[in-house]
>>> print(open('entry-v5.pdb').read())   # PDB, C-alpha atoms
ATOM      1  CA  GLY J   1     -41.670   8.123  77.745  1.00  0.00           C
ATOM      2  CA  ALA J   2     -45.395   8.962  77.824  1.00  0.00           C
ATOM      3  CA  MET J   3     -47.393   9.998  80.875  1.00  0.00           C
ATOM      4  CA  ILE J   4     -49.894   7.326  81.891  1.00  0.00           C
ATOM      5  CA  LYS J   5     -53.008   8.260  83.857  1.00  0.00           C
ATOM      6  CA  SER J   6     -54.747   5.845  86.181  1.00  0.00           C
ATOM      7  CA  GLU J   7     -58.119   6.900  84.719  1.00  0.00           C
ATOM      8  CA  ASP J   8     -57.020   5.594  81.332  1.00  0.00           C
ATOM      9  CA  LEU J   9     -55.880   2.306  82.839  1.00  0.00           C
ATOM     10  CA  LEU J  10     -59.054   1.899  84.902  1.00  0.00           C
ATOM     11  CA  ALA J  11     -61.161   2.281  81.762  1.00  0.00           C
ATOM     12  CA  LYS J  12     -59.803  -1.160  80.814  1.00  0.00           C
ATOM     13  CA  GLY J  13     -60.308  -2.881  84.199  1.00  0.00           C
ATOM     14  CA  GLY J  14     -59.090  -3.038  87.769  1.00  0.00           C
ATOM     15  CA  LEU J  15     -55.414  -2.770  88.650  1.00  0.00           C
ATOM     16  CA  VAL J  16     -52.807  -4.704  90.559  1.00  0.00           C
ATOM     17  CA  LEU J  17     -49.884  -2.390  91.216  1.00  0.00           C
ATOM     18  CA  THR J  18     -46.638  -3.583  92.654  1.00  0.00           C
ATOM     19  CA  VAL J  19     -44.177  -0.939  93.811  1.00  0.00           C
ATOM     20  CA  PHE J  20     -40.540  -2.027  93.863  1.00  0.00           C
ATOM     21  CA  ARG J  21     -37.060  -0.557  94.253  1.00  0.00           C
ATOM     22  CA  GLY J  22     -35.255  -1.667  91.121  1.00  0.00           C
ATOM     23  CA  HIS J  23     -33.372  -4.231  89.087  1.00  0.00           C
ATOM     24  CA  TRP J  24     -30.398  -4.137  91.447  1.00  0.00           C
ATOM     25  CA  TRP J  25     -32.245  -5.526  94.485  1.00  0.00           C
ATOM     26  CA  PRO J  26     -32.659  -9.347  94.553  1.00  0.00           C
ATOM     27  CA  TYR J  27     -35.879  -9.209  96.607  1.00  0.00           C
ATOM     28  CA  CYS J  28     -37.457  -7.089  93.864  1.00  0.00           C
ATOM     29  CA  VAL J  29     -36.435  -9.455  91.100  1.00  0.00           C
ATOM     30  CA  VAL J  30     -37.836 -12.448  93.006  1.00  0.00           C
ATOM     31  CA  GLU J  31     -41.046 -10.516  93.678  1.00  0.00           C
ATOM     32  CA  LEU J  32     -41.575  -9.900  89.963  1.00  0.00           C
ATOM     33  CA  TYR J  33     -41.023 -13.589  89.228  1.00  0.00           C
ATOM     34  CA  ALA J  34     -43.602 -14.443  91.901  1.00  0.00           C
ATOM     35  CA  LEU J  35     -46.103 -11.984  90.436  1.00  0.00           C
ATOM     36  CA  GLN J  36     -45.489 -13.448  86.979  1.00  0.00           C
ATOM     37  CA  GLU J  37     -46.659 -16.828  88.326  1.00  0.00           C
ATOM     38  CA  ILE J  38     -50.178 -15.474  88.994  1.00  0.00           C
ATOM     39  CA  THR J  39     -50.455 -13.065  86.059  1.00  0.00           C
ATOM     40  CA  LYS J  40     -52.733 -15.282  83.965  1.00  0.00           C
ATOM     41  CA  GLU J  41     -55.123 -15.784  86.880  1.00  0.00           C
ATOM     42  CA  LEU J  42     -55.195 -12.061  87.654  1.00  0.00           C
ATOM     43  CA  LYS J  43     -55.881 -11.214  84.016  1.00  0.00           C
ATOM     44  CA  ALA J  44     -58.665 -13.836  83.931  1.00  0.00           C
ATOM     45  CA  LEU J  45     -60.241 -11.912  86.809  1.00  0.00           C
ATOM     46  CA  GLY J  46     -60.187  -8.779  84.665  1.00  0.00           C
ATOM     47  CA  LEU J  47     -57.227  -7.148  86.368  1.00  0.00           C
ATOM     48  CA  GLN J  48     -54.279  -5.449  84.725  1.00  0.00           C
ATOM     49  CA  ILE J  49     -50.867  -5.816  86.352  1.00  0.00           C
ATOM     50  CA  PHE J  50     -48.254  -3.078  86.484  1.00  0.00           C
ATOM     51  CA  ALA J  51     -45.010  -2.799  88.380  1.00  0.00           C
ATOM     52  CA  ILE J  52     -43.872   0.693  89.355  1.00  0.00           C
ATOM     53  CA  THR J  53     -40.265   1.662  90.021  1.00  0.00           C
ATOM     54  CA  PRO J  54     -38.106   4.780  90.122  1.00  0.00           C
ATOM     55  CA  GLN J  55     -35.533   3.184  87.816  1.00  0.00           C
ATOM     56  CA  THR J  56     -35.136   4.468  84.281  1.00  0.00           C
ATOM     57  CA  PRO J  57     -37.431   3.110  81.538  1.00  0.00           C
ATOM     58  CA  ASP J  58     -34.576   1.419  79.681  1.00  0.00           C
ATOM     59  CA  LEU J  59     -33.663  -0.612  82.789  1.00  0.00           C
ATOM     60  CA  SER J  60     -37.324  -1.563  83.215  1.00  0.00           C
ATOM     61  CA  LEU J  61     -37.654  -2.643  79.586  1.00  0.00           C
ATOM     62  CA  LYS J  62     -34.545  -4.776  80.015  1.00  0.00           C
ATOM     63  CA  MET J  63     -36.145  -6.461  83.054  1.00  0.00           C
ATOM     64  CA  VAL J  64     -39.379  -7.150  81.144  1.00  0.00           C
ATOM     65  CA  ASN J  65     -37.432  -8.692  78.256  1.00  0.00           C
ATOM     66  CA  ASP J  66     -34.862 -10.593  80.345  1.00  0.00           C
ATOM     67  CA  GLN J  67     -37.467 -12.032  82.716  1.00  0.00           C
ATOM     68  CA  LYS J  68     -40.100 -12.517  80.010  1.00  0.00           C
ATOM     69  CA  LEU J  69     -42.705 -10.688  82.077  1.00  0.00           C
ATOM     70  CA  ASP J  70     -46.316 -10.591  80.903  1.00  0.00           C
ATOM     71  CA  PHE J  71     -46.888  -7.186  82.471  1.00  0.00           C
ATOM     72  CA  SER J  72     -45.388  -3.742  82.087  1.00  0.00           C
ATOM     73  CA  ILE J  73     -43.039  -1.902  84.381  1.00  0.00           C
ATOM     74  CA  LEU J  74     -43.850   1.785  84.688  1.00  0.00           C
ATOM     75  CA  SER J  75     -41.259   4.399  85.538  1.00  0.00           C
ATOM     76  CA  ASP J  76     -41.869   6.686  88.521  1.00  0.00           C
ATOM     77  CA  PRO J  77     -39.392   9.561  88.095  1.00  0.00           C
ATOM     78  CA  LYS J  78     -38.079  10.822  91.446  1.00  0.00           C
ATOM     79  CA  ASN J  79     -40.468   8.417  93.188  1.00  0.00           C
ATOM     80  CA  SER J  80     -43.201  11.036  92.803  1.00  0.00           C
ATOM     81  CA  TYR J  81     -46.068   8.542  92.648  1.00  0.00           C
ATOM     82  CA  ALA J  82     -44.614   6.551  95.547  1.00  0.00           C
ATOM     83  CA  ALA J  83     -44.508   9.823  97.505  1.00  0.00           C
ATOM     84  CA  ASP J  84     -48.182  10.444  96.669  1.00  0.00           C
ATOM     85  CA  LEU J  85     -48.930   6.972  98.047  1.00  0.00           C
ATOM     86  CA  GLY J  86     -46.909   7.650 101.211  1.00  0.00           C
ATOM     87  CA  LEU J  87     -44.369   4.991 100.213  1.00  0.00           C
ATOM     88  CA  ARG J  88     -41.253   7.076  99.459  1.00  0.00           C
ATOM     89  CA  HIS J  89     -38.400   7.505 101.916  1.00  0.00           C
ATOM     90  CA  ASP J  90     -35.012   9.185 101.833  1.00  0.00           C
ATOM     91  CA  ILE J  91     -31.849   7.120 102.070  1.00  0.00           C
ATOM     92  CA  PRO J  92     -29.717   8.267 105.019  1.00  0.00           C
ATOM     93  CA  SER J  93     -26.131   9.209 104.140  1.00  0.00           C
ATOM     94  CA  GLU J  94     -24.642   6.249 106.031  1.00  0.00           C
ATOM     95  CA  ILE J  95     -26.852   3.821 104.057  1.00  0.00           C
ATOM     96  CA  LYS J  96     -26.026   5.634 100.824  1.00  0.00           C
ATOM     97  CA  GLU J  97     -22.332   4.931 101.500  1.00  0.00           C
ATOM     98  CA  ILE J  98     -23.088   1.240 102.067  1.00  0.00           C
ATOM     99  CA  TYR J  99     -25.082   1.036  98.837  1.00  0.00           C
ATOM    100  CA  GLN J 100     -22.305   2.729  96.911  1.00  0.00           C
ATOM    101  CA  GLY J 101     -19.826   0.284  98.449  1.00  0.00           C
ATOM    102  CA  PHE J 102     -21.873  -2.517  96.875  1.00  0.00           C
ATOM    103  CA  GLY J 103     -21.889  -0.715  93.526  1.00  0.00           C
ATOM    104  CA  ILE J 104     -25.495   0.459  93.843  1.00  0.00           C
ATOM    105  CA  HIS J 105     -25.796   4.000  92.501  1.00  0.00           C
ATOM    106  CA  LEU J 106     -29.400   5.134  92.670  1.00  0.00           C
ATOM    107  CA  ASP J 107     -28.549   8.373  90.922  1.00  0.00           C
ATOM    108  CA  LYS J 108     -27.635   6.351  87.821  1.00  0.00           C
ATOM    109  CA  SER J 109     -30.333   3.662  88.129  1.00  0.00           C
ATOM    110  CA  ASN J 110     -33.082   6.169  88.785  1.00  0.00           C
ATOM    111  CA  GLY J 111     -31.808   8.975  86.583  1.00  0.00           C
ATOM    112  CA  ASP J 112     -31.952  11.591  89.333  1.00  0.00           C
ATOM    113  CA  SER J 113     -29.968  12.631  92.390  1.00  0.00           C
ATOM    114  CA  SER J 114     -32.755  12.316  94.977  1.00  0.00           C
ATOM    115  CA  TRP J 115     -31.503   9.107  96.626  1.00  0.00           C
ATOM    116  CA  THR J 116     -35.007   8.027  97.586  1.00  0.00           C
ATOM    117  CA  LEU J 117     -36.611   4.609  97.438  1.00  0.00           C
ATOM    118  CA  PRO J 118     -40.170   3.372  97.532  1.00  0.00           C
ATOM    119  CA  MET J 119     -41.403   1.088 100.257  1.00  0.00           C
ATOM    120  CA  PRO J 120     -42.296  -2.160  98.476  1.00  0.00           C
ATOM    121  CA  GLY J 121     -46.024  -2.696  98.275  1.00  0.00           C
ATOM    122  CA  ARG J 122     -48.899  -4.213  96.371  1.00  0.00           C
ATOM    123  CA  ILE J 123     -52.153  -2.359  95.768  1.00  0.00           C
ATOM    124  CA  ILE J 124     -55.361  -3.698  94.268  1.00  0.00           C
ATOM    125  CA  ILE J 125     -57.738  -1.118  92.829  1.00  0.00           C
ATOM    126  CA  ASP J 126     -61.164  -1.967  91.469  1.00  0.00           C
ATOM    127  CA  GLN J 127     -62.388  -0.592  88.137  1.00  0.00           C
ATOM    128  CA  ASN J 128     -64.173   2.242  89.961  1.00  0.00           C
ATOM    129  CA  GLY J 129     -60.806   3.473  91.258  1.00  0.00           C
ATOM    130  CA  ILE J 130     -61.406   2.316  94.833  1.00  0.00           C
ATOM    131  CA  VAL J 131     -58.425   0.809  96.627  1.00  0.00           C
ATOM    132  CA  GLN J 132     -59.509  -2.620  97.826  1.00  0.00           C
ATOM    133  CA  SER J 133     -56.272  -3.973  99.253  1.00  0.00           C
ATOM    134  CA  VAL J 134     -52.864  -2.663 100.271  1.00  0.00           C
ATOM    135  CA  ASP J 135     -49.914  -4.762 101.385  1.00  0.00           C
ATOM    136  CA  ALA J 136     -46.863  -2.660 102.244  1.00  0.00           C
ATOM    137  CA  ASP J 137     -44.146  -3.121 104.819  1.00  0.00           C
ATOM    138  CA  PRO J 138     -41.213  -0.872 105.705  1.00  0.00           C
ATOM    139  CA  ASP J 139     -39.121  -4.052 105.994  1.00  0.00           C
ATOM    140  CA  TYR J 140     -37.890  -4.464 102.404  1.00  0.00           C
ATOM    141  CA  SER J 141     -37.577  -8.226 102.891  1.00  0.00           C
ATOM    142  CA  GLN J 142     -41.305  -8.602 103.550  1.00  0.00           C
ATOM    143  CA  ARG J 143     -43.192  -8.812 100.272  1.00  0.00           C
ATOM    144  CA  PRO J 144     -46.822  -9.657  99.568  1.00  0.00           C
ATOM    145  CA  GLU J 145     -47.285 -13.338  98.866  1.00  0.00           C
ATOM    146  CA  PRO J 146     -48.756 -14.120  95.446  1.00  0.00           C
ATOM    147  CA  ALA J 147     -51.429 -16.305  97.077  1.00  0.00           C
ATOM    148  CA  LYS J 148     -52.574 -13.354  99.216  1.00  0.00           C
ATOM    149  CA  THR J 149     -52.721 -11.080  96.170  1.00  0.00           C
ATOM    150  CA  LEU J 150     -54.710 -13.682  94.266  1.00  0.00           C
ATOM    151  CA  ALA J 151     -57.130 -14.175  97.183  1.00  0.00           C
ATOM    152  CA  ASP J 152     -57.619 -10.401  97.467  1.00  0.00           C
ATOM    153  CA  ALA J 153     -58.255 -10.200  93.717  1.00  0.00           C
ATOM    154  CA  LYS J 154     -60.781 -13.042  93.823  1.00  0.00           C
ATOM    155  CA  ALA J 155     -62.631 -11.276  96.636  1.00  0.00           C
ATOM    156  CA  LEU J 156     -63.404  -8.443  94.185  1.00  0.00           C
ATOM    157  CA  SER J 157     -65.528 -10.644  91.957  1.00  0.00           C
TER     158      SER J 157
END
>>> encode(input="entry-v5.pdb", output="structure tokens")
Amino acid sequence: GAMIKSEDLLAKGGLVLTVFRGHWWPYCVVELYALQEITKELKALGLQIFAITPQTPDLSLKMVNDQKLDFSILSDPKNSYAADLGLRHDIPSEIKEIYQGFGIHLDKSNGDSSWTLPMPGRIIIDQNGIVQSVDADPDYSQRPEPAKTLADAKALS
């Protein structure tokens, strides 16, 4: 429930940020498992790992506990941070109907009525706050490979 500033995080080291849609999307769940596999190596390189999602904090905490993640999931209300990154998009009404048909209700999962989603992406930021690597794709099925993220992180040192 507290506001977190990137400056405060960067005071402790570089960042690996992964932006994902939510607990309801299988690609996102698999992506977090994949990131978990390289967490120790990323931390050994002095990087902190955070996942960012528009879903409510209680759903994120449940994911961290259920999946035994060694990194935190931060809440991005109304996808505001994703919008700042240029990664937010509106869900067209015809897609909204399809989602609802599958029982996906973003208004409930995200705690707001915006019906927006972030484009999945991974961002590596050095301790000086300089973005060193961005992997984002409008195709939700294309996610950054853990090996690529690890190679990008190693290139920082």
>>> resolve_selection(input="entry-v5.pdb", expression="the PyMOL selection byres ((chain J and resi 82-98) around 8)", output="ChimeraX atom specification")
/J:19,76,79-81,99-102,114-120
>>> residues_around(input="entry-v5.pdb", residues="Gly14 in chain J", least_positions_apart="4", cutoff="8 Å", atoms="only C-alpha atoms", output="PyMOL selection string")
chain J and resi 9-10+46-48+124-129
>>> axis_aligned_box(input="entry-v5.pdb", around="range 123-127 of chain J", padding_each_side="8 Å", output="JSON")
{"center_x": -57.3, "center_y": -2.1, "center_z": 92.0, "size_x": 26.2, "size_y": 19.1, "size_z": 23.6}
>>> resolve_selection(input="entry-v5.pdb", expression="the PyMOL selection byres ((chain J and resi 67) around 12)", output="list of chain:residue names")
J:His23, J:Val29, J:Val30, J:Glu31, J:Leu32, J:Tyr33, J:Ala34, J:Leu35, J:Gln36, J:Glu37, J:Ser60, J:Leu61, J:Lys62, J:Met63, J:Val64, J:Asn65, J:Asp66, J:Lys68, J:Leu69, J:Asp70, J:Phe71, J:Ser72, J:Ile73
>>> closest_residue(input="entry-v5.pdb", among="J:Asp152, J:Lys78, J:Ile49, J:Ala147", to="Lys12 in chain J", atoms="all atoms listed in the file")
J:Ile49
>>> resolve_selection(input="entry-v5.pdb", expression="the PyMOL selection byres ((chain J and resi 22) around 8)", output="list in words")
Phe20, Arg21, His23, Trp24, Trp25, Cys28, Val29, Thr53, Pro54, Gln55 and Ser109 of chain J
>>> closest_residue(input="entry-v5.pdb", among="J:Ala51, J:Asp8, J:Thr18, J:Gln132", to="Ala151 in chain J", atoms="all atoms listed in the file")
J:Gln132
>>> closest_residue(input="entry-v5.pdb", among="J:Lys154, J:Arg122, J:Lys148, J:Arg143", to="Phe50 in chain J", atoms="only C-alpha atoms")
J:Arg122
>>> residues_around(input="entry-v5.pdb", residues="Ile123 in chain J", least_positions_apart="2", cutoff="6 Å", atoms="all atoms listed in the file", output="JSON, numbers by chain")
{"J": [16, 17, 133, 134]}
>>> atom_distance(input="entry-v5.pdb", atom1="CA of Pro146 in chain J", atom2="CA of Ala2 in chain J")
29.2 Å
>>> closest_residue(input="entry-v5.pdb", among="J:Ala44, J:Leu59, J:Ile104, J:Tyr27", to="Asp139 in chain J", atoms="all atoms listed in the file")
J:Tyr27
>>> atom_distance(input="entry-v5.pdb", atom1="CA of Pro77 in chain J", atom2="CA of Leu150 in chain J")
28.5 Å
>>> closest_residue(input="entry-v5.pdb", among="J:Ile4, J:Ala11, J:Leu45, J:Ile38", to="Ala155 in chain J", atoms="all atoms listed in the file")
J:Leu45
>>> closest_residue(input="entry-v5.pdb", among="J:Leu15, J:Pro138, J:Gly121, J:Val131", to="Leu42 in chain J", atoms="only C-alpha atoms")
J:Leu15
>>> atom_distance(input="entry-v5.pdb", atom1="CA of Lys40 in chain J", atom2="CA of Ile130 in chain J")
22.4 Å
>>> build_atoms(input="entry-v5.pdb", residues="range 11-22 of chain J", atoms="all heavy atoms", output="PDB file, in the coordinates of the input")
ATOM      1  N   ALA J  11     -60.142   2.442  82.797  1.00  0.00           N
ATOM      2  CA  ALA J  11     -61.161   2.281  81.762  1.00  0.00           C
ATOM      3  C   ALA J  11     -61.111   0.875  81.169  1.00  0.00           C
ATOM      4  O   ALA J  11     -62.086   0.409  80.591  1.00  0.00           O
ATOM      5  CB  ALA J  11     -60.965   3.330  80.659  1.00  0.00           C
ATOM      6  N   LYS J  12     -59.985   0.186  81.364  1.00  0.00           N
ATOM      7  CA  LYS J  12     -59.803  -1.160  80.814  1.00  0.00           C
ATOM      8  C   LYS J  12     -59.951  -2.258  81.859  1.00  0.00           C
ATOM      9  O   LYS J  12     -59.812  -3.431  81.562  1.00  0.00           O
ATOM     10  CB  LYS J  12     -58.425  -1.261  80.163  1.00  0.00           C
ATOM     11  CG  LYS J  12     -58.235  -0.288  79.018  1.00  0.00           C
ATOM     12  CD  LYS J  12     -56.811  -0.323  78.512  1.00  0.00           C
ATOM     13  CE  LYS J  12     -56.596   0.743  77.451  1.00  0.00           C
ATOM     14  NZ  LYS J  12     -55.196   0.882  77.082  1.00  0.00           N
ATOM     15  N   GLY J  13     -60.150  -1.883  83.141  1.00  0.00           N
ATOM     16  CA  GLY J  13     -60.308  -2.881  84.199  1.00  0.00           C
ATOM     17  C   GLY J  13     -59.598  -2.460  85.469  1.00  0.00           C
ATOM     18  O   GLY J  13     -58.933  -1.427  85.517  1.00  0.00           O
ATOM     19  N   GLY J  14     -59.754  -3.293  86.499  1.00  0.00           N
ATOM     20  CA  GLY J  14     -59.090  -3.038  87.769  1.00  0.00           C
ATOM     21  C   GLY J  14     -57.578  -3.194  87.636  1.00  0.00           C
ATOM     22  O   GLY J  14     -57.075  -3.654  86.603  1.00  0.00           O
ATOM     23  N   LEU J  15     -56.886  -2.785  88.691  1.00  0.00           N
ATOM     24  CA  LEU J  15     -55.414  -2.770  88.650  1.00  0.00           C
ATOM     25  C   LEU J  15     -54.803  -3.530  89.817  1.00  0.00           C
ATOM     26  O   LEU J  15     -55.304  -3.469  90.940  1.00  0.00           O
ATOM     27  CB  LEU J  15     -54.900  -1.330  88.718  1.00  0.00           C
ATOM     28  CG  LEU J  15     -55.396  -0.333  87.685  1.00  0.00           C
ATOM     29  CD1 LEU J  15     -54.903   1.067  88.030  1.00  0.00           C
ATOM     30  CD2 LEU J  15     -54.939  -0.752  86.305  1.00  0.00           C
ATOM     31  N   VAL J  16     -53.715  -4.191  89.538  1.00  0.00           N
ATOM     32  CA  VAL J  16     -52.807  -4.704  90.559  1.00  0.00           C
ATOM     33  C   VAL J  16     -51.495  -3.961  90.337  1.00  0.00           C
ATOM     34  O   VAL J  16     -50.877  -4.099  89.276  1.00  0.00           O
ATOM     35  CB  VAL J  16     -52.594  -6.230  90.455  1.00  0.00           C
ATOM     36  CG1 VAL J  16     -51.548  -6.686  91.467  1.00  0.00           C
ATOM     37  CG2 VAL J  16     -53.904  -6.978  90.648  1.00  0.00           C
ATOM     38  N   LEU J  17     -51.131  -3.148  91.302  1.00  0.00           N
ATOM     39  CA  LEU J  17     -49.884  -2.390  91.216  1.00  0.00           C
ATOM     40  C   LEU J  17     -48.894  -2.957  92.204  1.00  0.00           C
ATOM     41  O   LEU J  17     -49.230  -3.192  93.367  1.00  0.00           O
ATOM     42  CB  LEU J  17     -50.133  -0.915  91.548  1.00  0.00           C
ATOM     43  CG  LEU J  17     -51.198  -0.184  90.743  1.00  0.00           C
ATOM     44  CD1 LEU J  17     -51.357   1.238  91.266  1.00  0.00           C
ATOM     45  CD2 LEU J  17     -50.852  -0.191  89.268  1.00  0.00           C
ATOM     46  N   THR J  18     -47.694  -3.174  91.756  1.00  0.00           N
ATOM     47  CA  THR J  18     -46.638  -3.583  92.654  1.00  0.00           C
ATOM     48  C   THR J  18     -45.559  -2.518  92.577  1.00  0.00           C
ATOM     49  O   THR J  18     -45.137  -2.139  91.495  1.00  0.00           O
ATOM     50  CB  THR J  18     -46.134  -4.988  92.290  1.00  0.00           C
ATOM     51  OG1 THR J  18     -45.986  -5.776  93.447  1.00  0.00           O
ATOM     52  CG2 THR J  18     -44.835  -5.024  91.603  1.00  0.00           C
ATOM     53  N   VAL J  19     -45.187  -1.987  93.729  1.00  0.00           N
ATOM     54  CA  VAL J  19     -44.177  -0.939  93.811  1.00  0.00           C
ATOM     55  C   VAL J  19     -42.882  -1.603  94.270  1.00  0.00           C
ATOM     56  O   VAL J  19     -42.861  -2.302  95.285  1.00  0.00           O
ATOM     57  CB  VAL J  19     -44.612   0.160  94.812  1.00  0.00           C
ATOM     58  CG1 VAL J  19     -43.577   1.267  94.883  1.00  0.00           C
ATOM     59  CG2 VAL J  19     -45.982   0.726  94.436  1.00  0.00           C
ATOM     60  N   PHE J  20     -41.807  -1.394  93.497  1.00  0.00           N
ATOM     61  CA  PHE J  20     -40.540  -2.027  93.863  1.00  0.00           C
ATOM     62  C   PHE J  20     -39.369  -1.074  93.646  1.00  0.00           C
ATOM     63  O   PHE J  20     -39.485  -0.071  92.965  1.00  0.00           O
ATOM     64  CB  PHE J  20     -40.348  -3.352  93.108  1.00  0.00           C
ATOM     65  CG  PHE J  20     -39.980  -3.214  91.651  1.00  0.00           C
ATOM     66  CD1 PHE J  20     -38.672  -3.405  91.242  1.00  0.00           C
ATOM     67  CD2 PHE J  20     -40.937  -2.928  90.693  1.00  0.00           C
ATOM     68  CE1 PHE J  20     -38.317  -3.299  89.896  1.00  0.00           C
ATOM     69  CE2 PHE J  20     -40.601  -2.820  89.360  1.00  0.00           C
ATOM     70  CZ  PHE J  20     -39.286  -3.005  88.955  1.00  0.00           C
ATOM     71  N   ARG J  21     -38.237  -1.416  94.240  1.00  0.00           N
ATOM     72  CA  ARG J  21     -37.060  -0.557  94.253  1.00  0.00           C
ATOM     73  C   ARG J  21     -36.322  -0.507  92.922  1.00  0.00           C
ATOM     74  O   ARG J  21     -36.019   0.554  92.431  1.00  0.00           O
ATOM     75  CB  ARG J  21     -36.090  -1.030  95.340  1.00  0.00           C
ATOM     76  CG  ARG J  21     -36.644  -0.841  96.715  1.00  0.00           C
ATOM     77  CD  ARG J  21     -35.760  -1.509  97.749  1.00  0.00           C
ATOM     78  NE  ARG J  21     -36.090  -0.975  99.060  1.00  0.00           N
ATOM     79  CZ  ARG J  21     -35.235  -0.852 100.044  1.00  0.00           C
ATOM     80  NH1 ARG J  21     -33.980  -1.229  99.888  1.00  0.00           N
ATOM     81  NH2 ARG J  21     -35.613  -0.354 101.190  1.00  0.00           N
ATOM     82  N   GLY J  22     -35.991  -1.663  92.369  1.00  0.00           N
ATOM     83  CA  GLY J  22     -35.255  -1.667  91.121  1.00  0.00           C
ATOM     84  C   GLY J  22     -34.603  -2.984  90.797  1.00  0.00           C
ATOM     85  O   GLY J  22     -34.602  -3.926  91.598  1.00  0.00           O
TER      86      GLY J  22
END
